Amino acid sequence: MAIRRALRSALALLGALGLVIGLPLAASADDTVAFTINDPRITESSGLARDPGANRYWTVNDSGDDGIAYGVSRRGQIIGTLEYRADPIDVEAVSMHEGRLYVADIGDNGAERERITVYYFDDAKANDQTVGYRSWDFRYPDGARDAETLLVNEEGRLFIVTKGAPGGVYAAPRSPTPTAVNELERVADAPAAVTDGTFLPGGDRIALLTYFGRIEVLKADNYEKVAEVTVPAQEQPESLTVSLSGKSLLVGSEGKDSPVYAIPVPHAGASATPSVTPSDSGDEPDPEEEAESESTTGQGRARTLLALGLAGLVAIAAGSVVALVHKP
């Protein structure tokens, strides 16, 4: 009986330890929150783009929202909207290039759409106004695809990355026409389940975020993988952009009150879990960002101490089992 009691105690403690370590939404000691998007209008943030000219970011909701993009301050506050007179089907990505905002209606869970659409707005402003738009329609050369990632290189050329296994990188024509459906060109395979991506500073590398909590970095000329890093634990990683300072990558997820984490821009050959200090997190540090980062770090430290304590108890219980089993 004593052996059974000791064994049950050890197993119970192991279970408790597993629960502590396995919580998917808990931050670790190295996780840094750049900001949190807590506006009630943002329920399914499915993309993030930096707008350095206006010192802000842009985001969009997933399918179900109207034609609208949201301007986001460096503290995560919605500072205004841009509404456009269209009825998108499934907006999944947003990008910014030289003052032009791109909103990508490219989601297609059932792989049924004959065409997808990218809307664009020159001199985009988050001033709560409804504006007209221009757009391009595209189709894939090899059948309908689901996608959540729009990339724009330094020359302004568009690329769409699909979510298959593997996915694909599809290049748009260099000068799309607004009067006909433009055919995309498949130029490379992509990692499976890509949910967002961005060109890194310098334009020679592409960072792709996946559902599996990883960022894979590819060379922009031949799509060779040169680095891979793990991102902070999130329920559903959905958005990726370079911070306004250019020092960090910002990684966000769907859901209400969604935190946006900061990690250093990966270097070639990186293959570890990165860490970042509050001063690198969102650009210039401010009291709100630093307080939130310290709170998140404190949670990670507390969880680490709790896990170590449980591990010690497990070792004691296991030692008791061994002693009883070998008792003469």
# chains A, B, ... in the order shown; residues from 1 in each chain; ligands from 1
>>> residues_around(residues="Asp65 (chain A)", least_positions_apart="3", cutoff="10 Å", atoms="only C-alpha atoms", output="list in words")
Arg41, Ile42, Thr43, Glu44, Val60, Asn61, Asp62, Ile68, Ala69, Asp87, Pro88, Ile89, Asp90 and Val91 of chain A
>>> select_by_dssp(residues="region 122-215 of chain A", states="strand (DSSP E)", output="ChimeraX atom specification")
/A:122,129-131,134-139,147-152,158-162,167-171,181-183,185-190,194-199,205-210,214-215
>>> closest_residue(among="A:Val242, A:Ile263, A:Ile160, A:Val72", to="Glu148 (chain A)", atoms="only C-alpha atoms")
A:Ile160
>>> closest_atom_pairs(of="region 19-100 of chain A", to="region 119-125 of chain A", cutoff="12 Å", atoms="only C-alpha atoms", output="tab-separated table")
residue	atom	partner	partner_atom	distance
A:Asp51	CA	A:Ala124	CA	9.6
A:Gly53	CA	A:Asp123	CA	10.0
A:Ala54	CA	A:Lys125	CA	8.6
A:Asn55	CA	A:Lys125	CA	11.7
A:Arg56	CA	A:Lys125	CA	10.5
A:Tyr57	CA	A:Lys125	CA	11.2
A:Trp58	CA	A:Ala124	CA	10.1
A:Gly67	CA	A:Tyr119	CA	9.8
A:Ile68	CA	A:Tyr119	CA	10.9
A:Ala69	CA	A:Ala124	CA	9.9
A:Tyr70	CA	A:Lys125	CA	9.6
A:Gly71	CA	A:Lys125	CA	8.1
A:Val72	CA	A:Lys125	CA	11.4
A:Ile79	CA	A:Lys125	CA	10.3
A:Gly80	CA	A:Lys125	CA	8.2
A:Thr81	CA	A:Lys125	CA	7.7
A:Leu82	CA	A:Lys125	CA	6.5
A:Glu83	CA	A:Lys125	CA	9.9
A:Tyr84	CA	A:Tyr119	CA	9.3
A:Arg85	CA	A:Tyr119	CA	10.7
A:Ala86	CA	A:Tyr119	CA	9.2
A:Asp87	CA	A:Tyr119	CA	11.1
A:Pro88	CA	A:Tyr119	CA	9.4
A:Val91	CA	A:Tyr119	CA	10.0
A:Glu92	CA	A:Tyr119	CA	12.0
A:Ala93	CA	A:Tyr119	CA	10.8
A:Val94	CA	A:Tyr119	CA	9.6
A:Ser95	CA	A:Tyr120	CA	9.4
A:Met96	CA	A:Tyr120	CA	9.3
A:His97	CA	A:Asp122	CA	9.5
A:Glu98	CA	A:Asp122	CA	8.8
A:Gly99	CA	A:Asp123	CA	5.3
A:Arg100	CA	A:Asp122	CA	4.4
>>> residues_around(residues="Ala188 (chain A)", least_positions_apart="6", cutoff="12 Å", atoms="only C-alpha atoms", output="list in words")
Phe159, Ile160, Val161, Thr162, Pro166, Gly167, Gly168, Val169, Tyr170, Ala171, Leu218, Lys219, Ala220, Asp221, Asn222, Tyr223, Glu224 and Lys225 of chain A
>>> write_last_selection(atoms="N, CA, C and O atoms", output="PDB file, in the first residue's frame")
ATOM      1  N   PHE A 159       3.812  39.390 -54.273  1.00  0.00           N
ATOM      2  CA  PHE A 159       3.951  37.945 -54.193  1.00  0.00           C
ATOM      3  C   PHE A 159       2.896  37.431 -53.215  1.00  0.00           C
ATOM      4  O   PHE A 159       2.671  38.035 -52.166  1.00  0.00           O
ATOM      5  N   ILE A 160       2.280  36.316 -53.549  1.00  0.00           N
ATOM      6  CA  ILE A 160       1.301  35.675 -52.667  1.00  0.00           C
ATOM      7  C   ILE A 160       1.838  34.307 -52.285  1.00  0.00           C
ATOM      8  O   ILE A 160       2.313  33.553 -53.137  1.00  0.00           O
ATOM      9  N   VAL A 161       1.790  34.009 -50.990  1.00  0.00           N
ATOM     10  CA  VAL A 161       2.275  32.718 -50.485  1.00  0.00           C
ATOM     11  C   VAL A 161       1.060  31.922 -50.013  1.00  0.00           C
ATOM     12  O   VAL A 161       0.303  32.381 -49.154  1.00  0.00           O
ATOM     13  N   THR A 162       0.875  30.727 -50.560  1.00  0.00           N
ATOM     14  CA  THR A 162      -0.287  29.912 -50.223  1.00  0.00           C
ATOM     15  C   THR A 162      -0.011  29.048 -48.995  1.00  0.00           C
ATOM     16  O   THR A 162       1.122  28.924 -48.537  1.00  0.00           O
ATOM     17  N   PRO A 166       3.383  21.162 -49.366  1.00  0.00           N
ATOM     18  CA  PRO A 166       3.928  22.498 -49.125  1.00  0.00           C
ATOM     19  C   PRO A 166       3.066  23.586 -49.747  1.00  0.00           C
ATOM     20  O   PRO A 166       2.200  23.315 -50.584  1.00  0.00           O
ATOM     21  N   GLY A 167       3.329  24.812 -49.324  1.00  0.00           N
ATOM     22  CA  GLY A 167       2.705  25.953 -49.968  1.00  0.00           C
ATOM     23  C   GLY A 167       3.504  26.361 -51.186  1.00  0.00           C
ATOM     24  O   GLY A 167       4.453  25.685 -51.596  1.00  0.00           O
ATOM     25  N   GLY A 168       3.120  27.472 -51.750  1.00  0.00           N
ATOM     26  CA  GLY A 168       3.821  27.965 -52.921  1.00  0.00           C
ATOM     27  C   GLY A 168       3.981  29.471 -52.864  1.00  0.00           C
ATOM     28  O   GLY A 168       3.176  30.173 -52.251  1.00  0.00           O
ATOM     29  N   VAL A 169       5.051  29.954 -53.509  1.00  0.00           N
ATOM     30  CA  VAL A 169       5.254  31.389 -53.680  1.00  0.00           C
ATOM     31  C   VAL A 169       4.863  31.723 -55.111  1.00  0.00           C
ATOM     32  O   VAL A 169       5.421  31.168 -56.059  1.00  0.00           O
ATOM     33  N   TYR A 170       3.918  32.643 -55.254  1.00  0.00           N
ATOM     34  CA  TYR A 170       3.406  33.020 -56.564  1.00  0.00           C
ATOM     35  C   TYR A 170       3.689  34.499 -56.799  1.00  0.00           C
ATOM     36  O   TYR A 170       3.326  35.353 -55.986  1.00  0.00           O
ATOM     37  N   ALA A 171       4.325  34.811 -57.926  1.00  0.00           N
ATOM     38  CA  ALA A 171       4.671  36.184 -58.264  1.00  0.00           C
ATOM     39  C   ALA A 171       3.608  36.774 -59.178  1.00  0.00           C
ATOM     40  O   ALA A 171       3.130  36.125 -60.110  1.00  0.00           O
ATOM     41  N   LEU A 218      13.906  32.900 -45.830  1.00  0.00           N
ATOM     42  CA  LEU A 218      14.350  32.445 -47.142  1.00  0.00           C
ATOM     43  C   LEU A 218      15.108  33.556 -47.851  1.00  0.00           C
ATOM     44  O   LEU A 218      14.808  34.740 -47.666  1.00  0.00           O
ATOM     45  N   LYS A 219      16.070  33.183 -48.668  1.00  0.00           N
ATOM     46  CA  LYS A 219      16.721  34.155 -49.536  1.00  0.00           C
ATOM     47  C   LYS A 219      15.730  34.580 -50.606  1.00  0.00           C
ATOM     48  O   LYS A 219      14.997  33.753 -51.164  1.00  0.00           O
ATOM     49  N   ALA A 220      15.690  35.865 -50.908  1.00  0.00           N
ATOM     50  CA  ALA A 220      14.686  36.378 -51.833  1.00  0.00           C
ATOM     51  C   ALA A 220      14.985  36.026 -53.290  1.00  0.00           C
ATOM     52  O   ALA A 220      14.069  36.023 -54.113  1.00  0.00           O
ATOM     53  N   ASP A 221      16.237  35.694 -53.606  1.00  0.00           N
ATOM     54  CA  ASP A 221      16.558  35.428 -55.006  1.00  0.00           C
ATOM     55  C   ASP A 221      16.317  33.983 -55.408  1.00  0.00           C
ATOM     56  O   ASP A 221      15.867  33.690 -56.520  1.00  0.00           O
ATOM     57  N   ASN A 222      16.572  33.033 -54.490  1.00  0.00           N
ATOM     58  CA  ASN A 222      16.405  31.630 -54.857  1.00  0.00           C
ATOM     59  C   ASN A 222      15.535  30.844 -53.865  1.00  0.00           C
ATOM     60  O   ASN A 222      15.385  29.638 -54.003  1.00  0.00           O
ATOM     61  N   TYR A 223      15.008  31.525 -52.830  1.00  0.00           N
ATOM     62  CA  TYR A 223      14.088  30.940 -51.845  1.00  0.00           C
ATOM     63  C   TYR A 223      14.729  29.809 -51.034  1.00  0.00           C
ATOM     64  O   TYR A 223      14.041  28.959 -50.484  1.00  0.00           O
ATOM     65  N   GLU A 224      16.040  29.834 -50.942  1.00  0.00           N
ATOM     66  CA  GLU A 224      16.749  28.884 -50.082  1.00  0.00           C
ATOM     67  C   GLU A 224      16.542  29.280 -48.621  1.00  0.00           C
ATOM     68  O   GLU A 224      16.661  30.450 -48.256  1.00  0.00           O
ATOM     69  N   LYS A 225      16.262  28.304 -47.777  1.00  0.00           N
ATOM     70  CA  LYS A 225      16.072  28.562 -46.353  1.00  0.00           C
ATOM     71  C   LYS A 225      17.425  28.820 -45.706  1.00  0.00           C
ATOM     72  O   LYS A 225      18.346  28.020 -45.817  1.00  0.00           O
TER      73      LYS A 225
END
>>> atom_distance(atom1="CA of Asp108 (chain A)", atom2="CA of Gly47 (chain A)")
15.7 Å
>>> atom_distance(atom1="CA of Gly107 (chain A)", atom2="CA of Glu185 (chain A)")
17.9 Å
>>> closest_residue(among="A:His267, A:Ile215, A:Thr195, A:Asp128", to="Ser253 (chain A)", atoms="only C-alpha atoms")
A:Thr195
>>> residues_around(residues="Glu254 (chain A)", least_positions_apart="2", cutoff="12 Å", atoms="only C-alpha atoms", output="ChimeraX atom specification")
/A:36-38,42-48,59-63,92,195,211,234-240,251-252,256-260
>>> closest_residue(among="A:Glu216, A:Glu154, A:Asp189, A:Glu183", to="Gly203 (chain A)", atoms="only C-alpha atoms")
A:Glu154
>>> atom_distance(atom1="CA of Ala165 (chain A)", atom2="CA of Leu101 (chain A)")
29.0 Å
>>> closest_residue(among="A:Pro40, A:Pro266, A:Gly246, A:Pro178", to="Val118 (chain A)", atoms="only C-alpha atoms")
A:Pro178
>>> decode(residues="region 60-87 of chain A", atoms="N, CA and C atoms", output="mmCIF file, in the first residue's frame")
data_model
loop_
_atom_site.group_PDB
_atom_site.id
_atom_site.type_symbol
_atom_site.label_atom_id
_atom_site.label_comp_id
_atom_site.auth_asym_id
_atom_site.auth_seq_id
_atom_site.Cartn_x
_atom_site.Cartn_y
_atom_site.Cartn_z
ATOM 1 N N VAL A 60 -5.984 44.255 -40.305
ATOM 2 C CA VAL A 60 -7.298 43.947 -40.858
ATOM 3 C C VAL A 60 -7.865 42.752 -40.105
ATOM 4 N N ASN A 61 -9.176 42.677 -40.064
ATOM 5 C CA ASN A 61 -9.827 41.496 -39.516
ATOM 6 C C ASN A 61 -9.930 40.417 -40.586
ATOM 7 N N ASP A 62 -10.055 39.200 -40.122
ATOM 8 C CA ASP A 62 -10.257 38.043 -40.990
ATOM 9 C C ASP A 62 -11.629 38.135 -41.657
ATOM 10 N N SER A 63 -12.025 37.099 -42.368
ATOM 11 C CA SER A 63 -13.283 37.074 -43.100
ATOM 12 C C SER A 63 -14.449 37.463 -42.205
ATOM 13 N N GLY A 64 -15.428 38.157 -42.798
ATOM 14 C CA GLY A 64 -16.605 38.558 -42.049
ATOM 15 C C GLY A 64 -16.680 40.047 -41.805
ATOM 16 N N ASP A 65 -15.554 40.753 -41.934
ATOM 17 C CA ASP A 65 -15.558 42.194 -41.733
ATOM 18 C C ASP A 65 -15.924 42.878 -43.050
ATOM 19 N N ASP A 66 -16.280 44.164 -42.953
ATOM 20 C CA ASP A 66 -16.545 44.962 -44.144
ATOM 21 C C ASP A 66 -15.228 45.394 -44.771
ATOM 22 N N GLY A 67 -15.330 46.234 -45.795
ATOM 23 C CA GLY A 67 -14.127 46.775 -46.400
ATOM 24 C C GLY A 67 -13.520 47.832 -45.496
ATOM 25 N N ILE A 68 -12.589 47.439 -44.645
ATOM 26 C CA ILE A 68 -12.042 48.360 -43.651
ATOM 27 C C ILE A 68 -10.653 47.906 -43.211
ATOM 28 N N ALA A 69 -9.767 48.877 -43.056
ATOM 29 C CA ALA A 69 -8.441 48.649 -42.473
ATOM 30 C C ALA A 69 -8.297 49.583 -41.283
ATOM 31 N N TYR A 70 -7.512 49.153 -40.303
ATOM 32 C CA TYR A 70 -7.397 49.877 -39.040
ATOM 33 C C TYR A 70 -5.974 50.361 -38.839
ATOM 34 N N GLY A 71 -5.839 51.652 -38.532
ATOM 35 C CA GLY A 71 -4.538 52.195 -38.159
ATOM 36 C C GLY A 71 -4.258 51.920 -36.695
ATOM 37 N N VAL A 72 -3.046 51.463 -36.400
ATOM 38 C CA VAL A 72 -2.678 51.043 -35.051
ATOM 39 C C VAL A 72 -1.467 51.849 -34.587
ATOM 40 N N SER A 73 -1.563 52.436 -33.392
ATOM 41 C CA SER A 73 -0.431 53.176 -32.857
ATOM 42 C C SER A 73 0.641 52.211 -32.371
ATOM 43 N N ARG A 74 1.810 52.747 -32.035
ATOM 44 C CA ARG A 74 2.900 51.907 -31.537
ATOM 45 C C ARG A 74 2.584 51.345 -30.163
ATOM 46 N N ARG A 75 1.500 51.801 -29.532
ATOM 47 C CA ARG A 75 1.057 51.242 -28.261
ATOM 48 C C ARG A 75 -0.128 50.292 -28.437
ATOM 49 N N GLY A 76 -0.530 50.036 -29.681
ATOM 50 C CA GLY A 76 -1.608 49.090 -29.929
ATOM 51 C C GLY A 76 -2.988 49.697 -29.976
ATOM 52 N N GLN A 77 -3.108 51.007 -29.888
ATOM 53 C CA GLN A 77 -4.416 51.652 -29.917
ATOM 54 C C GLN A 77 -4.865 51.869 -31.361
ATOM 55 N N ILE A 78 -6.152 51.705 -31.620
ATOM 56 C CA ILE A 78 -6.696 52.013 -32.941
ATOM 57 C C ILE A 78 -6.840 53.529 -33.032
ATOM 58 N N ILE A 79 -6.104 54.131 -33.954
ATOM 59 C CA ILE A 79 -6.106 55.583 -34.068
ATOM 60 C C ILE A 79 -7.024 56.078 -35.172
ATOM 61 N N GLY A 80 -7.592 55.185 -35.945
ATOM 62 C CA GLY A 80 -8.503 55.562 -37.014
ATOM 63 C C GLY A 80 -8.681 54.426 -37.992
ATOM 64 N N THR A 81 -9.591 54.612 -38.928
ATOM 65 C CA THR A 81 -9.875 53.574 -39.912
ATOM 66 C C THR A 81 -9.811 54.132 -41.317
ATOM 67 N N LEU A 82 -9.657 53.238 -42.255
ATOM 68 C CA LEU A 82 -9.824 53.523 -43.678
ATOM 69 C C LEU A 82 -10.882 52.551 -44.183
ATOM 70 N N GLU A 83 -12.026 53.073 -44.587
ATOM 71 C CA GLU A 83 -13.090 52.231 -45.136
ATOM 72 C C GLU A 83 -13.161 52.423 -46.640
ATOM 73 N N TYR A 84 -13.478 51.363 -47.350
ATOM 74 C CA TYR A 84 -13.541 51.442 -48.806
ATOM 75 C C TYR A 84 -14.811 50.759 -49.298
ATOM 76 N N ARG A 85 -15.299 51.236 -50.425
ATOM 77 C CA ARG A 85 -16.596 50.820 -50.943
ATOM 78 C C ARG A 85 -16.471 49.520 -51.730
ATOM 79 N N ALA A 86 -16.238 48.443 -51.004
ATOM 80 C CA ALA A 86 -16.152 47.119 -51.617
ATOM 81 C C ALA A 86 -16.701 46.105 -50.635
ATOM 82 N N ASP A 87 -16.953 44.912 -51.120
ATOM 83 C CA ASP A 87 -17.489 43.838 -50.293
ATOM 84 C C ASP A 87 -16.541 42.645 -50.385
#
